[in-house]
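What follows is a short report on a single structure.
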Amino acid sequence: MIQVTDLRKSYGETEAVRGISFDVRPGEVLGLVGPNGAGKTTTLRCLAGILPPTSGSVAIAGRDLRLDPVGAKARLAWIPDDPRLFENLTVEEHLRFIGRLYRVEDAEERIPALLEEFEIAGKAGELPGALSRGMKQKLSIACAFLHRPKAILFDEPLTGLDPIAIRKAKDSIVRQAEEGAAIIVSSHLLALVEEIAHRVLVILDGAKAAHGTLEELKAAHPDLAAGARLEEIFMRMALGPAAGAAGAPPAADPPPPPGPLPPAP
Ligand code: ATP
């Protein structure tokens, strides 16, 4: 559903993304992790069609983003970490506008349910200036879900949400995947990634350092404890063998693993 081939992006002399390839299947949640400046946001912005890649290709639901940008973008949703809203549109007008933009025929029926799901029905007539940061984030996610995207890109989706909203947002992400969307979640919250991602893509210094299920990532570090968590594996990859073992969190209480990885097409 999302196919990325040899993606490269440079800002002048800075090579932010250096030849990354991966895919995300329908129904799969891919966790994108890496240290600050690793190239995660640049990768997502290239996938969303916001930044033109220096080279390489991106296809969304079989549509090449460069050759058919409208066809590809019509099938994806991008939720940046900093919600971008229109200051003169109310909450409800945002959803109506997105509904018209994406030609969502049943938008009028879907909007009340989305307002309820994201607990912003009481703010339907308010402008973004009157919303808290978490409410803006909820509106941004509601807008993203309205056109039933086949590919959803989240950059730090839980920033600013309260614990109840975090639980609901996680459930919403999992539900979208269960309904067949291919999802990428970029986050520094490794426990979140471990909980909801079927596979993890680790980016270090603009390059792919690892890509696989948690079990596959663990297998690459047999010296780590059998119950090693993603945090220990990540520290080991980012900081080298000196990291991890001492002071590693106990292996007890791992989050339940996500459902089975969707079959390869
Ligand atoms: P973080 O976890 O801090 O959000 P990230 O993994 O998302 O980091 P990017 O924002 O993609 O990293 O940045 C990757 C590299 O590209 C960094 O070296 C950064 O300084 C550089 N970079 C990002 N945006 C620009 C820009 N607009 N102009 C020039 N360099 C940029």
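Simple scheme: letters A, B, ... for chains in structure tokens order, numbers from 1 for residues in each chain, numbers from 1 for ligands in the order shown.
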(request) Produce as an MDAnalysis selection string the set of residues near ligand 1, where near means within 10 Å with only C-alpha atoms and all ligand atoms considered. (result) chainID A and resid 9:17 32:46 51 81 155:156 186:188 203:206
(message) Write out as a PyMOL selection string the set of residues from stretch 44-251 of chain A that DSSP, computed on the backbone, places in helix (DSSP H, G or I).
(response) chain A and resi 44-47+69-73+91-101+107-117+121-123+128-130+133-146+163-178+190-196+214-219+230-239
(request) Write out as an MDAnalysis selection string each polymer residue whose atoms come within 9 Å of stretch 100-113 of chain A, counting only C-alpha atoms; drop sequence neighbours fewer than 5 positions from it. (result) chainID A and resid 74 92 95 118 121 142 146:148
Those same residues, written as a PDB file, in the first residue's frame with C-alpha atoms?
ATOM      1  CA  ALA A  74      -6.237  11.501  -2.482  1.00  0.00           C
ATOM      2  CA  GLU A  92     -17.163  21.690  11.971  1.00  0.00           C
ATOM      3  CA  LEU A  95     -14.474  18.801   8.459  1.00  0.00           C
ATOM      4  CA  PHE A 118     -12.685  12.684  19.132  1.00  0.00           C
ATOM      5  CA  ALA A 121     -18.612  17.852  19.420  1.00  0.00           C
ATOM      6  CA  ALA A 142     -10.608  13.641  12.687  1.00  0.00           C
ATOM      7  CA  LEU A 146     -12.802  11.650   7.085  1.00  0.00           C
ATOM      8  CA  HIS A 147     -11.906  10.522   3.542  1.00  0.00           C
ATOM      9  CA  ARG A 148     -11.041   6.956   4.608  1.00  0.00           C
TER      10      ARG A 148
END
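Of the listed residues (A:Val200, A:Ala225, A:Leu214, A:Leu158), A:Val200 comes nearest to A:Val29; the distances count only C-alpha atoms.
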(message) Taking 4 positions as the minimum chain separation for residues in the same chain, which residues sit within 10 Å of A:Leu67 when counting only C-alpha atoms? Answer as a count of residues only.
(response) 6
(request) Kindly indicate which residue among A:Ala151, A:Ala48, A:Leu114, A:Ala207 lies nearest to A:Ser172, using only C-alpha atoms for the distances. (result) A:Leu114
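Among the candidate residues A:Ala124, A:Glu119, A:Leu47, A:Arg133, the one lying nearest to A:Arg84 is A:Arg133, with distances computed using only C-alpha atoms.
The space between atom CA of A:Pro128 and atom CA of A:Pro69 spans 28.9 Å.
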(message) Need the shell around stretch 173-182 of chain A: protein/DNA/RNA residues with any atom at most 10 Å away, counting only C-alpha atoms. Skip same-chain ones fewer than 4 positions apart. Format as a VMD selection string?
(response) chain A and resid 1 to 2 23 to 30 60 to 61 75 to 76 141 145 148 to 154 157 168 to 169 196 to 197 258 to 259 262
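Shortest atom-to-atom contact with A:Glu194 among A:Lys218, A:Leu139, A:Gly31, A:Ala165: A:Gly31, counting only C-alpha atoms.
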(message) Can you pull out every residue from stretch 31-145 of chain A that DSSP, working from the backbone, puts in strand (DSSP E or B), and format the result as an MDAnalysis selection string?
(response) chainID A and resid 31:33 55:60 63:64 76:79
(message) Show me, as a ChimeraX atom specification, the residues that have an atom within 6 Å of A:Ile20 when counting only C-alpha atoms, minus same-chain residues fewer than 5 positions from it.
(response) /A:6-7,208
Write the residues of the preceding selection, restricted to N, CA, C and O atoms, as an mmCIF file, in the first residue's frame.
data_model
loop_
_atom_site.group_PDB
_atom_site.id
_atom_site.type_symbol
_atom_site.label_atom_id
_atom_site.label_comp_id
_atom_site.auth_asym_id
_atom_site.auth_seq_id
_atom_site.Cartn_x
_atom_site.Cartn_y
_atom_site.Cartn_z
ATOM 1 N N ASP A 6 14.421 3.505 -2.601
ATOM 2 C CA ASP A 6 15.684 4.265 -2.668
ATOM 3 C C ASP A 6 15.458 5.776 -2.505
ATOM 4 O O ASP A 6 15.967 6.586 -3.282
ATOM 5 N N LEU A 7 14.701 6.130 -1.484
ATOM 6 C CA LEU A 7 14.359 7.540 -1.240
ATOM 7 C C LEU A 7 15.572 8.311 -0.719
ATOM 8 O O LEU A 7 16.219 7.886 0.239
ATOM 9 N N LYS A 208 18.599 3.438 6.612
ATOM 10 C CA LYS A 208 17.866 2.366 7.272
ATOM 11 C C LYS A 208 18.842 1.509 8.072
ATOM 12 O O LYS A 208 19.764 0.923 7.506
#
